[in-house]
Structure formats: structure tokens, C-alpha cells
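This report refers to the structure that appears directly beneath it.
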Amino acid sequence: TSETTTIPAKRTPSAKPVKTMKAVAAPKKTLTPRKAAKSAQPALAKPLTSEQIIEMFTLVKGATSVELKLSVPVGVGRATVKSIGLDPVEAQPRQAFFFDTPDLALSQAGVVVRARRIQGGDGDTVIKLRPVDPATIDPDLRRSAAFKIEVDAMPGGFVCSASFKGVCSGQEVLDVASGEMPLRKLFSKEQRAFYDAHAPAGLTMDQLVLLGPT
């Protein structure tokens, strides 16, 4: 899934805590051994209920963008690309690097720290918090060109996130991954303030480890 990179604004708003909310996902079914043996393909996600659809569009009203996402099982990538009309030659490959603690403390707190290499030598970064309620976002945060509120919709569920985007080079991402450059150097002052406001107390970027790339 592609995301549009926005250059951080010069103005540095105060990174005030954002109210979080519960993500919506389709309930999972546990297959018995007999049923699992007969299931040659992944089970289809349940359609959203009327209440969930209303909730999703309420979130969309307060968001700045919407992304449609899907997971593709191993072995059916080519068929999926063909069925949704993608041109692999025109696609833009991206290599994602995530950072967290070994016990995934950031993930449990709803915080995502990610850097990506982009075809052509470019790169981007993001500090993301999810799920959030757009109605509770501080107006000062919304004024930053680097701040985005996004609804991710996928088969069986949706989630709203708030994120600070940044830009870098692909080589800088590799330098961080190899340990030649401190992780915090990849992120802007706004991004680091947003991280400090929402990461678990006392957990600095220097304590995070590399997960990936994917």
C-alpha cells in the first residue's frame, strides 16, 4: 500500500496526547481439526455490520485520508495482481523497517515506528498512533503539514490512526539498520515529540531494536 509523503511544516506544534479508541475487527473463528483439514484456502472475512459501517464513516469524516488494504496469501500474488488490475512494471517497491522492543512494548501501546526505502534512493519515516478518535485530535497537531489522520479499511475491519510523516534517504535507512546512524536522527523534531507523548514512559528511541525489513 502506498502512502503519500508530506514534508514536515516549519512550525512545531506541541505534541499533546491523543485519545485512543478500540479498533474494529471481524471476530475470529476457531476451526476444529477436521474443518481445518478441509480448508484449502483462507476463510473469507465477514462483511461489516450496519453499525460498524456507520462507525467507519463517522471516522472518515474526521480523517484526512482513507486507505484500502488487504493481505495476500503466499502463492497467489500473481493472481491477485491480475485480478485487481495492477501493473507490476509501474508499481513502486518499498522496503519497510519497523522498530520496537523485543517484547513489542510499542505495539502494545499502539505506537508504530517505521522507516522505508523507496525505489530511486528515497525514503520516508512515520511515527504512528492507533487506534485514535479524530474528534479528540488537538487542533495544533492538525495544522502541521506532516500530520495525518487516516482510516485503514480492510476486509472484516477498520482502524483510524494519527501519524507524523517525514522524509529521508534510502541510504540513511540502511545506515540506521546497520547501526552506523542513531535511530532518532531519522526523525524530525515534531516526530520525536509525538513519540515522546505516546510511547511507554521511559522508553527512548535508542532502546528500540530493528524488526524486519519486510
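Letters A, B, ... go to the chains of the C-alpha cells in the order shown; residues in each chain start at 1; ligands are counted from 1 in the same order.
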
- Task: Just the residues within 12 Å of Ile84 in chain A, please, counting only C-alpha atoms, with nothing from its chain fewer than 6 positions along; format it as a PyMOL selection string.
- Result: chain A and resi 70+72+77-78

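Checking A:Phe147, A:Pro93, A:Pro200, A:Ser65 one by one against Gln108 in chain A, counting only C-alpha atoms, you find the shortest gap at A:Pro200.
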
Counting only C-alpha atoms, closest pick from A:Asp124, A:Asp152, A:Glu67, A:Asp206 relative to Gln171 in chain A is A:Asp124

| request: Apply DSSP to the structure's backbone, then extract all residues of range 34-209 of chain A labelled helix (DSSP H, G or I) and return them as a count of residues only. | output: 60

Expressed in Å, the length from CA of Ile54 in chain A to CA of Glu150 in chain A is 16.4 Å

Contacts of Gln191 in chain A within 9 Å, only C-alpha atoms, excl. fewer than 3 positions in-chain, as a PDB file with N, CA and C atoms, in the first residue's frame:
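Result file is out-v8.pdb:
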ATOM      1  N   ALA A  15       3.170  18.394  20.948  1.00  0.00           N
ATOM      2  CA  ALA A  15       2.678  17.034  20.730  1.00  0.00           C
ATOM      3  C   ALA A  15       1.868  16.604  21.933  1.00  0.00           C
ATOM      4  N   VAL A 126       7.775   7.417   9.653  1.00  0.00           N
ATOM      5  CA  VAL A 126       6.494   7.733  10.278  1.00  0.00           C
ATOM      6  C   VAL A 126       6.518   7.314  11.749  1.00  0.00           C
ATOM      7  N   ILE A 127       5.885   8.137  12.566  1.00  0.00           N
ATOM      8  CA  ILE A 127       5.538   7.771  13.938  1.00  0.00           C
ATOM      9  C   ILE A 127       4.023   7.747  13.960  1.00  0.00           C
ATOM     10  N   ALA A 146       2.780  17.805   8.144  1.00  0.00           N
ATOM     11  CA  ALA A 146       3.311  16.450   8.268  1.00  0.00           C
ATOM     12  C   ALA A 146       2.387  15.529   9.045  1.00  0.00           C
ATOM     13  N   SER A 163      -0.691  10.096  12.522  1.00  0.00           N
ATOM     14  CA  SER A 163       0.724   9.884  12.263  1.00  0.00           C
ATOM     15  C   SER A 163       1.432  11.162  11.857  1.00  0.00           C
ATOM     16  N   PHE A 164       2.723  11.201  12.189  1.00  0.00           N
ATOM     17  CA  PHE A 164       3.621  12.253  11.739  1.00  0.00           C
ATOM     18  C   PHE A 164       4.553  11.642  10.701  1.00  0.00           C
ATOM     19  N   LYS A 165       4.524  12.204   9.485  1.00  0.00           N
ATOM     20  CA  LYS A 165       5.355  11.705   8.393  1.00  0.00           C
ATOM     21  C   LYS A 165       6.644  12.495   8.302  1.00  0.00           C
ATOM     22  N   GLY A 166       7.654  11.894   7.724  1.00  0.00           N
ATOM     23  CA  GLY A 166       8.923  12.556   7.499  1.00  0.00           C
ATOM     24  C   GLY A 166       9.596  12.008   6.255  1.00  0.00           C
ATOM     25  N   PHE A 187      14.346  10.992  12.382  1.00  0.00           N
ATOM     26  CA  PHE A 187      13.054  11.620  12.613  1.00  0.00           C
ATOM     27  C   PHE A 187      13.177  13.115  12.932  1.00  0.00           C
ATOM     28  N   SER A 188      12.136  13.860  12.547  1.00  0.00           N
ATOM     29  CA  SER A 188      12.105  15.298  12.779  1.00  0.00           C
ATOM     30  C   SER A 188      11.798  15.603  14.244  1.00  0.00           C
ATOM     31  N   PHE A 194       6.101  13.702  19.154  1.00  0.00           N
ATOM     32  CA  PHE A 194       4.901  12.859  19.091  1.00  0.00           C
ATOM     33  C   PHE A 194       5.195  11.494  19.699  1.00  0.00           C
ATOM     34  N   TYR A 195       6.380  10.965  19.424  1.00  0.00           N
ATOM     35  CA  TYR A 195       6.795   9.692  20.013  1.00  0.00           C
ATOM     36  C   TYR A 195       6.853   9.798  21.527  1.00  0.00           C
ATOM     37  N   ASP A 196       7.499  10.839  22.041  1.00  0.00           N
ATOM     38  CA  ASP A 196       7.643  11.004  23.482  1.00  0.00           C
ATOM     39  C   ASP A 196       6.295  11.128  24.180  1.00  0.00           C
TER      40      ASP A 196
END

Practice prompt. Step one, run DSSP on the backbone; step two, keep only residues of range 8-213 of chain A assigned to strand (DSSP E); then write them as a PyMOL selection string.
Written response: chain A and resi 24-25+65-68+94-100+111-118+122-129+147-154+157-169+209-211

Exercise for review: Write out as a ChimeraX atom specification each polymer residue whose atoms come within 10 Å of Ala105 in chain A, counting only C-alpha atoms; drop sequence neighbours fewer than 6 positions from it.
Suggested key: /A:111,199-200,203,208

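Across the model, the gap from CA of Ala115 in chain A to CA of Lys128 in chain A is 11.3 Å.
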
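The shortest atom-to-atom distance to Ala63 in chain A, with only C-alpha atoms taken into account, belongs to A:Ile137 out of A:Val176, A:Cys168, A:Leu183, A:Ile137.
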